[in-house]
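K.L.:
Structure file upload_18.cif, mmCIF, C-alpha atoms, is pasted below:
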```cif
data_model
#
loop_
_atom_site.group_PDB
_atom_site.id
_atom_site.type_symbol
_atom_site.label_atom_id
_atom_site.label_comp_id
_atom_site.auth_asym_id
_atom_site.auth_seq_id
_atom_site.Cartn_x
_atom_site.Cartn_y
_atom_site.Cartn_z
ATOM 1 C CA MET D 1 52.894 59.636 21.632
ATOM 2 C CA LYS D 2 52.293 63.351 21.091
ATOM 3 C CA GLU D 3 49.280 65.595 21.351
ATOM 4 C CA ARG D 4 48.813 67.428 18.097
ATOM 5 C CA LYS D 5 49.256 71.218 18.116
ATOM 6 C CA THR D 6 46.279 73.278 16.994
ATOM 7 C CA THR D 7 48.488 75.008 14.413
ATOM 8 C CA ASP D 8 49.198 71.757 12.578
ATOM 9 C CA ARG D 9 47.677 71.196 9.152
ATOM 10 C CA TYR D 10 47.243 68.014 7.160
ATOM 11 C CA THR D 11 46.801 67.464 3.419
ATOM 12 C CA LEU D 12 45.315 64.943 1.002
ATOM 13 C CA ALA D 13 48.717 63.257 0.827
ATOM 14 C CA ASP D 14 48.591 62.808 4.603
ATOM 15 C CA LEU D 15 45.133 61.227 4.385
ATOM 16 C CA GLU D 16 46.424 58.902 1.704
ATOM 17 C CA ASN D 17 49.146 57.728 4.114
ATOM 18 C CA TRP D 18 47.245 58.370 7.329
ATOM 19 C CA ARG D 19 48.676 55.513 9.376
ATOM 20 C CA LYS D 20 52.134 56.988 8.896
ATOM 21 C CA ALA D 21 51.138 60.677 9.072
ATOM 22 C CA ALA D 22 49.258 60.363 12.373
ATOM 23 C CA SER D 23 50.720 57.243 13.935
ATOM 24 C CA ASP D 24 52.277 59.143 16.854
ATOM 25 C CA VAL D 25 49.288 61.380 17.627
ATOM 26 C CA ASP D 26 47.449 60.691 20.867
ATOM 27 C CA PRO D 27 44.527 60.990 21.326
ATOM 28 C CA PRO D 28 43.773 60.081 17.696
ATOM 29 C CA ILE D 29 42.442 62.591 15.166
ATOM 30 C CA ARG D 30 38.938 61.565 14.191
ATOM 31 C CA LEU D 31 37.374 64.947 13.380
ATOM 32 C CA GLY D 32 38.469 67.954 11.345
ATOM 33 C CA VAL D 33 37.749 70.850 9.033
ATOM 34 C CA PHE D 34 38.364 70.829 5.258
ATOM 35 C CA GLY D 35 39.169 74.150 3.609
ATOM 36 C CA ASP D 36 41.336 76.077 1.155
ATOM 37 C CA PRO D 37 42.633 78.152 2.905
ATOM 38 C CA VAL D 38 42.189 76.604 6.335
ATOM 39 C CA ALA D 39 44.980 78.070 8.508
ATOM 40 C CA HIS D 40 42.642 80.777 9.794
ATOM 41 C CA SER D 41 40.079 78.355 11.191
ATOM 42 C CA LEU D 42 39.523 78.524 14.946
ATOM 43 C CA SER D 43 37.453 75.323 14.910
ATOM 44 C CA PRO D 44 40.282 73.148 16.297
ATOM 45 C CA GLN D 45 40.670 75.323 19.415
ATOM 46 C CA MET D 46 36.913 75.299 20.012
ATOM 47 C CA GLN D 47 36.239 71.645 19.253
ATOM 48 C CA ASN D 48 39.286 70.282 21.074
ATOM 49 C CA ALA D 49 38.269 72.264 24.170
ATOM 50 C CA ALA D 50 34.835 70.648 23.959
ATOM 51 C CA LEU D 51 36.317 67.178 23.504
ATOM 52 C CA ARG D 52 38.566 67.618 26.542
ATOM 53 C CA ALA D 53 35.721 68.985 28.660
ATOM 54 C CA CYS D 54 33.586 65.965 27.803
ATOM 55 C CA GLU D 55 36.525 63.568 28.245
ATOM 56 C CA ILE D 56 36.107 62.264 24.699
ATOM 57 C CA ASP D 57 39.308 60.547 23.615
ATOM 58 C CA MET D 58 39.865 62.091 20.188
ATOM 59 C CA GLN D 59 41.139 65.262 18.502
ATOM 60 C CA TYR D 60 40.026 67.679 15.778
ATOM 61 C CA ALA D 61 42.452 68.977 13.115
ATOM 62 C CA ARG D 62 42.743 71.258 10.077
ATOM 63 C CA PHE D 63 42.983 69.742 6.584
ATOM 64 C CA HIS D 64 44.151 71.847 3.652
ATOM 65 C CA ILE D 65 42.078 70.284 0.873
ATOM 66 C CA ARG D 66 41.916 71.945 -2.538
ATOM 67 C CA GLY D 67 38.754 72.013 -4.618
ATOM 68 C CA ASN D 68 39.846 69.228 -6.961
ATOM 69 C CA GLU D 69 40.852 67.068 -3.980
ATOM 70 C CA LEU D 70 37.529 67.036 -2.125
ATOM 71 C CA ARG D 71 36.093 63.845 -3.610
ATOM 72 C CA SER D 72 39.284 61.900 -2.878
ATOM 73 C CA ALA D 73 39.581 63.315 0.636
ATOM 74 C CA LEU D 74 36.014 62.303 1.522
ATOM 75 C CA ARG D 75 36.641 58.836 0.122
ATOM 76 C CA PHE D 76 39.694 58.416 2.356
ATOM 77 C CA LEU D 77 37.629 59.462 5.392
ATOM 78 C CA ARG D 78 35.232 56.599 4.677
ATOM 79 C CA GLU D 79 38.135 54.162 4.790
ATOM 80 C CA LEU D 80 39.670 55.610 7.971
ATOM 81 C CA ASP D 81 38.253 55.744 11.472
ATOM 82 C CA PHE D 82 36.924 59.319 11.231
ATOM 83 C CA LEU D 83 33.690 60.407 12.858
ATOM 84 C CA GLY D 84 33.095 63.444 10.635
ATOM 85 C CA VAL D 85 34.291 66.790 9.293
ATOM 86 C CA ASN D 86 33.269 70.413 8.956
ATOM 87 C CA LEU D 87 33.529 72.198 5.618
ATOM 88 C CA THR D 88 34.613 75.761 4.978
ATOM 89 C CA VAL D 89 35.307 77.649 1.736
ATOM 90 C CA PRO D 90 35.286 76.522 -1.030
ATOM 91 C CA HIS D 91 33.737 73.141 -0.204
ATOM 92 C CA LYS D 92 30.278 73.819 1.251
ATOM 93 C CA ILE D 93 28.417 73.618 -2.075
ATOM 94 C CA ALA D 94 30.638 71.024 -3.774
ATOM 95 C CA ALA D 95 30.341 68.630 -0.815
ATOM 96 C CA PHE D 96 26.555 68.574 -1.063
ATOM 97 C CA ALA D 97 26.819 66.478 -4.223
ATOM 98 C CA GLN D 98 29.117 63.976 -2.456
ATOM 99 C CA ILE D 99 26.935 62.992 0.512
ATOM 100 C CA ASP D 100 24.409 60.166 0.762
ATOM 101 C CA GLU D 101 21.827 61.941 2.938
ATOM 102 C CA ALA D 102 21.132 65.534 3.926
ATOM 103 C CA ASP D 103 18.847 67.146 6.489
ATOM 104 C CA GLU D 104 16.103 69.529 5.405
ATOM 105 C CA SER D 105 18.070 72.746 5.922
ATOM 106 C CA SER D 106 21.026 71.489 3.867
ATOM 107 C CA THR D 107 18.717 70.266 1.132
ATOM 108 C CA ARG D 108 16.968 73.613 0.893
ATOM 109 C CA ALA D 109 20.232 75.560 0.808
ATOM 110 C CA GLY D 110 22.132 73.097 -1.389
ATOM 111 C CA THR D 111 25.141 73.407 0.905
ATOM 112 C CA VAL D 112 26.599 71.417 3.771
ATOM 113 C CA ASN D 113 28.625 72.531 6.790
ATOM 114 C CA THR D 114 28.961 69.290 8.775
ATOM 115 C CA ILE D 115 29.348 65.703 7.608
ATOM 116 C CA ARG D 116 28.888 62.725 9.884
ATOM 117 C CA LEU D 117 30.349 59.460 8.669
ATOM 118 C CA ARG D 118 28.192 56.440 9.265
ATOM 119 C CA ARG D 119 29.747 53.008 8.879
ATOM 120 C CA SER D 120 27.815 51.618 5.969
ATOM 121 C CA GLU D 121 29.841 48.824 4.436
ATOM 122 C CA PHE D 122 28.827 49.443 0.836
ATOM 123 C CA SER D 123 27.448 53.010 1.081
ATOM 124 C CA VAL D 124 24.535 52.050 -1.179
ATOM 125 C CA ASP D 125 20.850 52.428 -0.414
ATOM 126 C CA VAL D 126 19.049 49.068 -0.220
ATOM 127 C CA ARG D 127 16.286 50.580 -2.372
ATOM 128 C CA ASP D 128 18.720 50.651 -5.286
ATOM 129 C CA LEU D 129 19.839 47.040 -4.949
ATOM 130 C CA ARG D 130 18.940 43.716 -6.509
ATOM 131 C CA VAL D 131 19.516 41.222 -3.695
ATOM 132 C CA MET D 132 19.996 37.462 -3.524
ATOM 133 C CA ILE D 133 19.741 35.766 -0.105
ATOM 134 C CA LEU D 134 21.291 32.314 0.311
ATOM 135 C CA GLY D 135 19.661 30.439 3.163
ATOM 136 C CA ALA D 136 16.397 32.371 3.091
ATOM 137 C CA GLY D 137 14.609 29.655 5.056
ATOM 138 C CA GLY D 138 16.524 30.235 8.312
ATOM 139 C CA GLY D 139 15.992 32.894 10.941
ATOM 140 C CA THR D 140 18.768 35.197 9.742
ATOM 141 C CA GLY D 141 17.726 34.869 6.107
ATOM 142 C CA ARG D 142 14.062 35.561 6.858
ATOM 143 C CA ALA D 143 14.942 38.642 8.928
ATOM 144 C CA ILE D 144 17.144 40.055 6.148
ATOM 145 C CA ALA D 145 14.504 39.277 3.517
ATOM 146 C CA TRP D 146 11.824 41.126 5.469
ATOM 147 C CA GLN D 147 14.123 44.123 5.925
ATOM 148 C CA CYS D 148 14.833 44.195 2.176
ATOM 149 C CA ALA D 149 11.084 44.137 1.528
ATOM 150 C CA LEU D 150 10.335 46.879 4.063
ATOM 151 C CA GLU D 151 13.057 49.072 2.536
ATOM 152 C CA ASN D 152 11.648 48.384 -0.947
ATOM 153 C CA CYS D 153 14.739 46.899 -2.561
ATOM 154 C CA GLU D 154 14.646 46.821 -6.348
ATOM 155 C CA ARG D 155 14.716 43.029 -6.648
ATOM 156 C CA LEU D 156 14.856 40.084 -4.236
ATOM 157 C CA VAL D 157 15.752 36.471 -5.019
ATOM 158 C CA LEU D 158 15.363 33.923 -2.220
ATOM 159 C CA VAL D 159 17.434 30.747 -2.314
ATOM 160 C CA ASN D 160 17.148 27.851 0.122
ATOM 161 C CA ARG D 161 18.107 24.170 0.188
ATOM 162 C CA THR D 162 14.430 23.406 0.741
ATOM 163 C CA TYR D 163 12.903 25.264 -2.189
ATOM 164 C CA GLU D 164 9.427 25.179 -0.659
ATOM 165 C CA LYS D 165 10.583 27.329 2.280
ATOM 166 C CA ALA D 166 11.907 29.992 -0.080
ATOM 167 C CA GLN D 167 8.699 29.848 -2.103
ATOM 168 C CA ALA D 168 6.515 30.221 1.009
ATOM 169 C CA LEU D 169 8.452 33.315 2.126
ATOM 170 C CA THR D 170 8.207 34.716 -1.400
ATOM 171 C CA GLU D 171 4.424 34.570 -1.216
ATOM 172 C CA ARG D 172 4.373 36.367 2.124
ATOM 173 C CA LEU D 173 6.563 39.150 0.764
ATOM 174 C CA ARG D 174 4.801 39.540 -2.589
ATOM 175 C CA PRO D 175 2.620 42.535 -1.588
ATOM 176 C CA TYR D 176 5.791 44.552 -1.008
ATOM 177 C CA PHE D 177 6.957 44.024 -4.590
ATOM 178 C CA ALA D 178 3.819 45.002 -6.463
ATOM 179 C CA GLY D 179 5.422 48.168 -7.846
ATOM 180 C CA PRO D 180 6.836 48.460 -11.375
ATOM 181 C CA ARG D 181 10.180 47.027 -12.396
ATOM 182 C CA VAL D 182 12.904 49.594 -12.993
ATOM 183 C CA LEU D 183 16.104 47.706 -13.721
ATOM 184 C CA GLY D 184 15.204 45.424 -16.632
ATOM 185 C CA PRO D 185 12.634 42.702 -17.274
ATOM 186 C CA ALA D 186 13.577 40.278 -14.458
ATOM 187 C CA ALA D 187 10.857 39.612 -11.873
ATOM 188 C CA ARG D 188 11.178 41.800 -8.775
ATOM 189 C CA LEU D 189 10.598 38.860 -6.407
ATOM 190 C CA GLU D 190 11.169 35.165 -6.905
ATOM 191 C CA ALA D 191 12.441 31.984 -5.302
ATOM 192 C CA ALA D 192 15.281 30.083 -6.958
ATOM 193 C CA ALA D 193 16.582 26.549 -6.686
ATOM 194 C CA TRP D 194 19.960 26.076 -5.032
ATOM 195 C CA ASP D 195 21.905 24.694 -7.961
ATOM 196 C CA GLU D 196 24.601 26.205 -10.132
ATOM 197 C CA THR D 197 22.496 26.500 -13.287
ATOM 198 C CA ALA D 198 19.697 28.376 -11.521
ATOM 199 C CA LEU D 199 22.109 30.610 -9.597
ATOM 200 C CA ARG D 200 24.084 31.472 -12.736
ATOM 201 C CA ALA D 201 20.883 32.520 -14.506
ATOM 202 C CA GLN D 202 19.970 34.864 -11.642
ATOM 203 C CA LEU D 203 23.319 36.476 -10.879
ATOM 204 C CA ALA D 204 23.483 38.709 -13.949
ATOM 205 C CA ASP D 205 20.575 40.641 -12.414
ATOM 206 C CA ILE D 206 21.933 40.726 -8.840
ATOM 207 C CA ASP D 207 24.003 43.413 -7.113
ATOM 208 C CA LEU D 208 24.207 42.138 -3.516
ATOM 209 C CA ILE D 209 24.677 38.499 -2.492
ATOM 210 C CA VAL D 210 23.904 37.695 1.157
ATOM 211 C CA ASN D 211 25.043 34.489 2.827
ATOM 212 C CA ALA D 212 22.601 33.752 5.643
ATOM 213 C CA THR D 213 23.746 30.142 6.048
ATOM 214 C CA PRO D 214 26.220 28.855 8.677
ATOM 215 C CA LEU D 215 28.711 27.954 5.928
ATOM 216 C CA GLY D 216 31.952 29.725 6.758
ATOM 217 C CA MET D 217 31.932 29.216 10.520
ATOM 218 C CA ASN D 218 34.393 26.377 10.009
ATOM 219 C CA PRO D 219 37.566 27.408 8.144
ATOM 220 C CA ASN D 220 37.232 24.280 5.993
ATOM 221 C CA ASP D 221 33.666 25.032 4.885
ATOM 222 C CA PRO D 222 33.079 25.389 1.144
ATOM 223 C CA THR D 223 31.678 28.616 -0.249
ATOM 224 C CA PRO D 224 27.861 28.674 -0.178
ATOM 225 C CA ILE D 225 27.953 29.698 -3.832
ATOM 226 C CA PRO D 226 30.543 28.527 -6.388
ATOM 227 C CA ALA D 227 33.359 31.056 -6.483
ATOM 228 C CA ARG D 228 33.353 30.979 -10.293
ATOM 229 C CA LEU D 229 29.905 32.613 -10.317
ATOM 230 C CA LEU D 230 31.102 35.779 -8.561
ATOM 231 C CA ALA D 231 31.858 38.842 -10.689
ATOM 232 C CA PRO D 232 33.487 42.223 -10.000
ATOM 233 C CA HIS D 233 30.129 44.039 -9.978
ATOM 234 C CA HIS D 234 28.837 41.922 -7.089
ATOM 235 C CA MET D 235 28.774 43.039 -3.454
ATOM 236 C CA VAL D 236 28.981 40.137 -1.010
ATOM 237 C CA PHE D 237 27.751 40.227 2.588
ATOM 238 C CA ASP D 238 28.558 37.171 4.678
ATOM 239 C CA ALA D 239 26.546 37.056 7.913
ATOM 240 C CA VAL D 240 29.236 34.750 9.281
ATOM 241 C CA TYR D 241 32.189 36.441 10.981
ATOM 242 C CA GLY D 242 35.387 35.287 12.618
ATOM 243 C CA PRO D 243 39.022 36.113 13.271
ATOM 244 C CA SER D 244 39.902 35.470 9.617
ATOM 245 C CA LYS D 245 38.124 35.890 6.291
ATOM 246 C CA THR D 246 35.492 33.313 5.408
ATOM 247 C CA SER D 247 35.826 31.266 2.229
ATOM 248 C CA LEU D 248 33.095 33.405 0.630
ATOM 249 C CA ILE D 249 34.850 36.700 1.381
ATOM 250 C CA ARG D 250 38.132 35.268 0.076
ATOM 251 C CA ALA D 251 36.331 34.210 -3.104
ATOM 252 C CA ALA D 252 34.841 37.707 -3.451
ATOM 253 C CA ASP D 253 38.314 39.235 -3.100
ATOM 254 C CA GLU D 254 39.693 36.930 -5.796
ATOM 255 C CA ALA D 255 36.809 37.816 -8.127
ATOM 256 C CA GLY D 256 37.405 41.554 -7.651
ATOM 257 C CA ALA D 257 34.067 41.923 -5.858
ATOM 258 C CA ARG D 258 33.504 43.900 -2.663
ATOM 259 C CA GLY D 259 32.922 41.719 0.373
ATOM 260 C CA VAL D 260 32.324 42.192 4.103
ATOM 261 C CA ASP D 261 31.601 39.762 6.909
ATOM 262 C CA GLY D 262 28.959 39.784 9.627
ATOM 263 C CA SER D 263 30.893 41.873 12.181
ATOM 264 C CA SER D 264 28.855 44.970 11.350
ATOM 265 C CA MET D 265 25.581 43.103 11.829
ATOM 266 C CA LEU D 266 26.814 41.826 15.197
ATOM 267 C CA LEU D 267 27.791 45.382 16.175
ATOM 268 C CA HIS D 268 24.430 46.946 15.363
ATOM 269 C CA GLN D 269 22.466 44.084 16.908
ATOM 270 C CA GLY D 270 24.519 44.529 20.076
ATOM 271 C CA ALA D 271 23.978 48.290 20.069
ATOM 272 C CA LEU D 272 20.230 47.828 19.718
ATOM 273 C CA ALA D 273 20.211 45.327 22.585
ATOM 274 C CA PHE D 274 22.108 47.829 24.770
ATOM 275 C CA GLN D 275 19.540 50.529 23.959
ATOM 276 C CA ILE D 276 16.664 48.196 24.844
ATOM 277 C CA TRP D 277 18.247 47.155 28.133
ATOM 278 C CA PHE D 278 19.382 50.544 29.376
ATOM 279 C CA GLU D 279 17.038 52.952 27.512
ATOM 280 C CA ARG D 280 19.995 55.064 26.403
ATOM 281 C CA GLU D 281 22.179 55.467 23.331
ATOM 282 C CA ALA D 282 24.709 52.673 22.943
ATOM 283 C CA PRO D 283 28.437 53.605 22.967
ATOM 284 C CA ILE D 284 28.737 52.200 19.469
ATOM 285 C CA GLU D 285 32.284 53.408 18.774
ATOM 286 C CA ALA D 286 33.599 51.779 21.947
ATOM 287 C CA MET D 287 31.776 48.592 20.938
ATOM 288 C CA ARG D 288 33.242 48.820 17.431
ATOM 289 C CA ARG D 289 36.777 49.185 18.768
ATOM 290 C CA ALA D 290 36.264 46.190 21.052
ATOM 291 C CA LEU D 291 35.314 44.079 18.052
#
```
How would this structure read if it were set down as structure tokens?
P.N.:
Amino acid sequence: MKERKTTDRYTLADLENWRKAASDVDPPIRLGVFGDPVAHSLSPQMQNAALRACEIDMQYARFHIRGNELRSALRFLRELDFLGVNLTVPHKIAAFAQIDEADESSTRAGTVNTIRLRRSEFSVDVRDLRVMILGAGGGTGRAIAWQCALENCERLVLVNRTYEKAQALTERLRPYFAGPRVLGPAARLEAAAWDETALRAQLADIDLIVNATPLGMNPNDPTPIPARLLAPHHMVFDAVYGPSKTSLIRAADEAGARGVDGSSMLLHQGALAFQIWFEREAPIEAMRRAL
């Protein structure tokens, strides 16, 4: 393994084939600066000195990214294990339109100097989503339903084998959905029966499907929802996780939908527990790597 020289530069093509481009670099590059030109930047010398002083096992590098390459480069960073980047000319203004959140100073100026990548599986605000929860009567389903309500999701459909449990939770959450409908005439909050006809009728007005049932823990488990009902526009979150893909995530892949398992939920629950126990920030990246 080699330690990267501070004079090295990478490109969009390198990001596109990052495993090959940086496979022999140790410690790994997880930070950088995007610019055009970028050879003049002294940020790598400064930031790498800071990383070494703090014994943080990563490196910072230069990336020669042209103006028309910025969107693609940022997309690749989301898919790779990068922590963040700095932006120099000509990207400071253009990048502002590409980020999900900005602090007050960036918002006022309409420019951005530093981007921190947060691992959000779908990179979509819950407030914009129409959500269906399968297994809304259990502990996991109830917790997710309450979080959707507190974050004011656009629409919430609760599905449970025992319909009465879904209906009871619907009534408790109703005050949170008193606002006007935005995305079409469908009710913002309702319970639905767990049968194919009822699910099919709902899914045209659903963006995110959440499996909060135990189905998937056993490799031979059926999908909690018929695979034929999934469509490419759906996002699928399976609270179940394991060493291999669950039947639901495999079905989402085959349907062209985006799907993730419950590893991220486990990670953030564990990080919160660590913070409660030790009253300090959890080492979330170390925990992520361990998973």
K.L.:
Check what the PyMOL selection byres ((chain D and resi 125-132) around 7) selects in the file above and give those residues as a list in words.
P.N.:
Ser123, Val124, Ile133, Leu134, Cys148, Glu151, Asn152, Cys153, Glu154, Arg155, Leu156, Val157, Leu158, Asp205, Ile206, Asp207, Leu208, Ile209 and Val210 of chain D
K.L.:
Give me the box for range 15-29 of chain D as AutoDock Vina command-line options, namely the centre and edge lengths in Å to one decimal of a box along x, y and z that holds every listed atom plus 3 Å on each side.
P.N.:
```
--center_x 47.4 --center_y 59.1 --center_z 11.5 --size_x 15.8 --size_y 13.1 --size_z 25.6
```
K.L.:
From the set D:Met287, D:Ile249, D:Ala49, D:Ala61, which residue has the shortest atom-to-atom contact distance to Ala271 in chain D, counting all atoms listed in the file?
P.N.:
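Smallest distance to Ala271 in chain D is found for D:Met287.
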K.L.:
I'd like the interatomic distance between CA of Arg288 in chain D and CA of Ala73 in chain D, to a tenth of an Å.
P.N.:
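Separation between CA of Arg288 in chain D and CA of Ala73 in chain D: 23.1 Å.
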K.L.:
Using the chain letters and numbering of this document, enumerate as a ChimeraX atom specification the residues selected by the PyMOL selection byres ((chain D and resi 192) around 12).
P.N.:
/D:132-136,156-170,187,189-191,193-203
K.L.:
Using the chain letters and numbers from this file, what does the PyMOL selection byres ((chain D and resi 19-30) around 9) select? Give the answer as a PDB file with C-alpha atoms, keeping the file's coordinate frame.
P.N.:
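Writing the result to part_2.pdb gives the following:
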```
ATOM      1  CA  MET D   1      52.894  59.636  21.632  1.00  0.00           C
ATOM      2  CA  LYS D   2      52.293  63.351  21.091  1.00  0.00           C
ATOM      3  CA  GLU D   3      49.280  65.595  21.351  1.00  0.00           C
ATOM      4  CA  ARG D   4      48.813  67.428  18.097  1.00  0.00           C
ATOM      5  CA  TYR D  10      47.243  68.014   7.160  1.00  0.00           C
ATOM      6  CA  ALA D  13      48.717  63.257   0.827  1.00  0.00           C
ATOM      7  CA  ASP D  14      48.591  62.808   4.603  1.00  0.00           C
ATOM      8  CA  LEU D  15      45.133  61.227   4.385  1.00  0.00           C
ATOM      9  CA  GLU D  16      46.424  58.902   1.704  1.00  0.00           C
ATOM     10  CA  ASN D  17      49.146  57.728   4.114  1.00  0.00           C
ATOM     11  CA  TRP D  18      47.245  58.370   7.329  1.00  0.00           C
ATOM     12  CA  LEU D  31      37.374  64.947  13.380  1.00  0.00           C
ATOM     13  CA  GLY D  32      38.469  67.954  11.345  1.00  0.00           C
ATOM     14  CA  ASP D  57      39.308  60.547  23.615  1.00  0.00           C
ATOM     15  CA  MET D  58      39.865  62.091  20.188  1.00  0.00           C
ATOM     16  CA  GLN D  59      41.139  65.262  18.502  1.00  0.00           C
ATOM     17  CA  TYR D  60      40.026  67.679  15.778  1.00  0.00           C
ATOM     18  CA  ALA D  61      42.452  68.977  13.115  1.00  0.00           C
ATOM     19  CA  LEU D  80      39.670  55.610   7.971  1.00  0.00           C
ATOM     20  CA  ASP D  81      38.253  55.744  11.472  1.00  0.00           C
ATOM     21  CA  PHE D  82      36.924  59.319  11.231  1.00  0.00           C
ATOM     22  CA  LEU D  83      33.690  60.407  12.858  1.00  0.00           C
ATOM     23  CA  GLY D  84      33.095  63.444  10.635  1.00  0.00           C
ATOM     24  CA  VAL D  85      34.291  66.790   9.293  1.00  0.00           C
TER      25      VAL D  85
END
```
K.L.:
To one decimal place, how far is CA of Gly216 in chain D from CA of Leu248 in chain D in Å?
P.N.:
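Answer for the CA of Gly216 in chain D to CA of Leu248 in chain D separation: 7.2 Å.
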K.L.:
Could you name the residues that touch Ile65 in chain D at 6 Å or less, counting all atoms listed in the file, but leaving out those on the same chain fewer than 5 positions away, as a PDB file with C-alpha atoms, keeping the file's coordinate frame?
P.N.:
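This went into selection17.pdb:
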```pdb
ATOM      1  CA  PHE D  34      38.364  70.829   5.258  1.00  0.00           C
ATOM      2  CA  GLY D  35      39.169  74.150   3.609  1.00  0.00           C
ATOM      3  CA  ASP D  36      41.336  76.077   1.155  1.00  0.00           C
TER       4      ASP D  36
END
```
K.L.:
Near Ala227 in chain D, within 10 Å and counting only C-alpha atoms, which residues show up once chain neighbours fewer than 4 positions away are dropped, as a VMD selection string?
P.N.:
chain D and resid 222 to 223 231 247 to 252 254 to 255
K.L.:
Please measure the separation of CA of His268 in chain D and CA of Ala95 in chain D, giving the value in Å to one decimal.
P.N.:
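Going from CA of His268 in chain D over to CA of Ala95 in chain D covers 27.7 Å.
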K.L.:
Identify, on the basis of all atoms listed in the file, every residue whose closest approach to Ala282 in chain D does not exceed 8 Å; exclude the query and any residue fewer than 2 positions from it along the same chain; express the result as a PyMOL selection string.
P.N.:
chain D and resi 271-272+274-275+280+284
K.L.:
Between D:Asp253, D:Asp238, D:Glu79, D:Asp261, which has the minimum distance to Asn211 in chain D (counting only C-alpha atoms)?
P.N.:
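Selected residue with least distance to Asn211 in chain D: D:Asp238.
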K.L.:
When you count all atoms listed in the file, which of these residues is closest to Arg71 in chain D: D:Ala186, D:Ala94, D:Ile144, D:Ile276?
P.N.:
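The closest residue to Arg71 in chain D is D:Ala94.
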K.L.:
Closest to Leu230 in chain D among D:Ile93, D:Leu173, D:Met265, D:Ala257, using all atoms listed in the file?
P.N.:
D:Ala257
K.L.:
When you look at Gly67 in chain D with a cut-off of 7 Å (counting all atoms listed in the file), what residues show up, excluding the ones that are within fewer than 2 positions of it in the same chain? I need them as JSON, numbers by chain.
P.N.:
{"D": [65, 69, 70, 90, 91]}
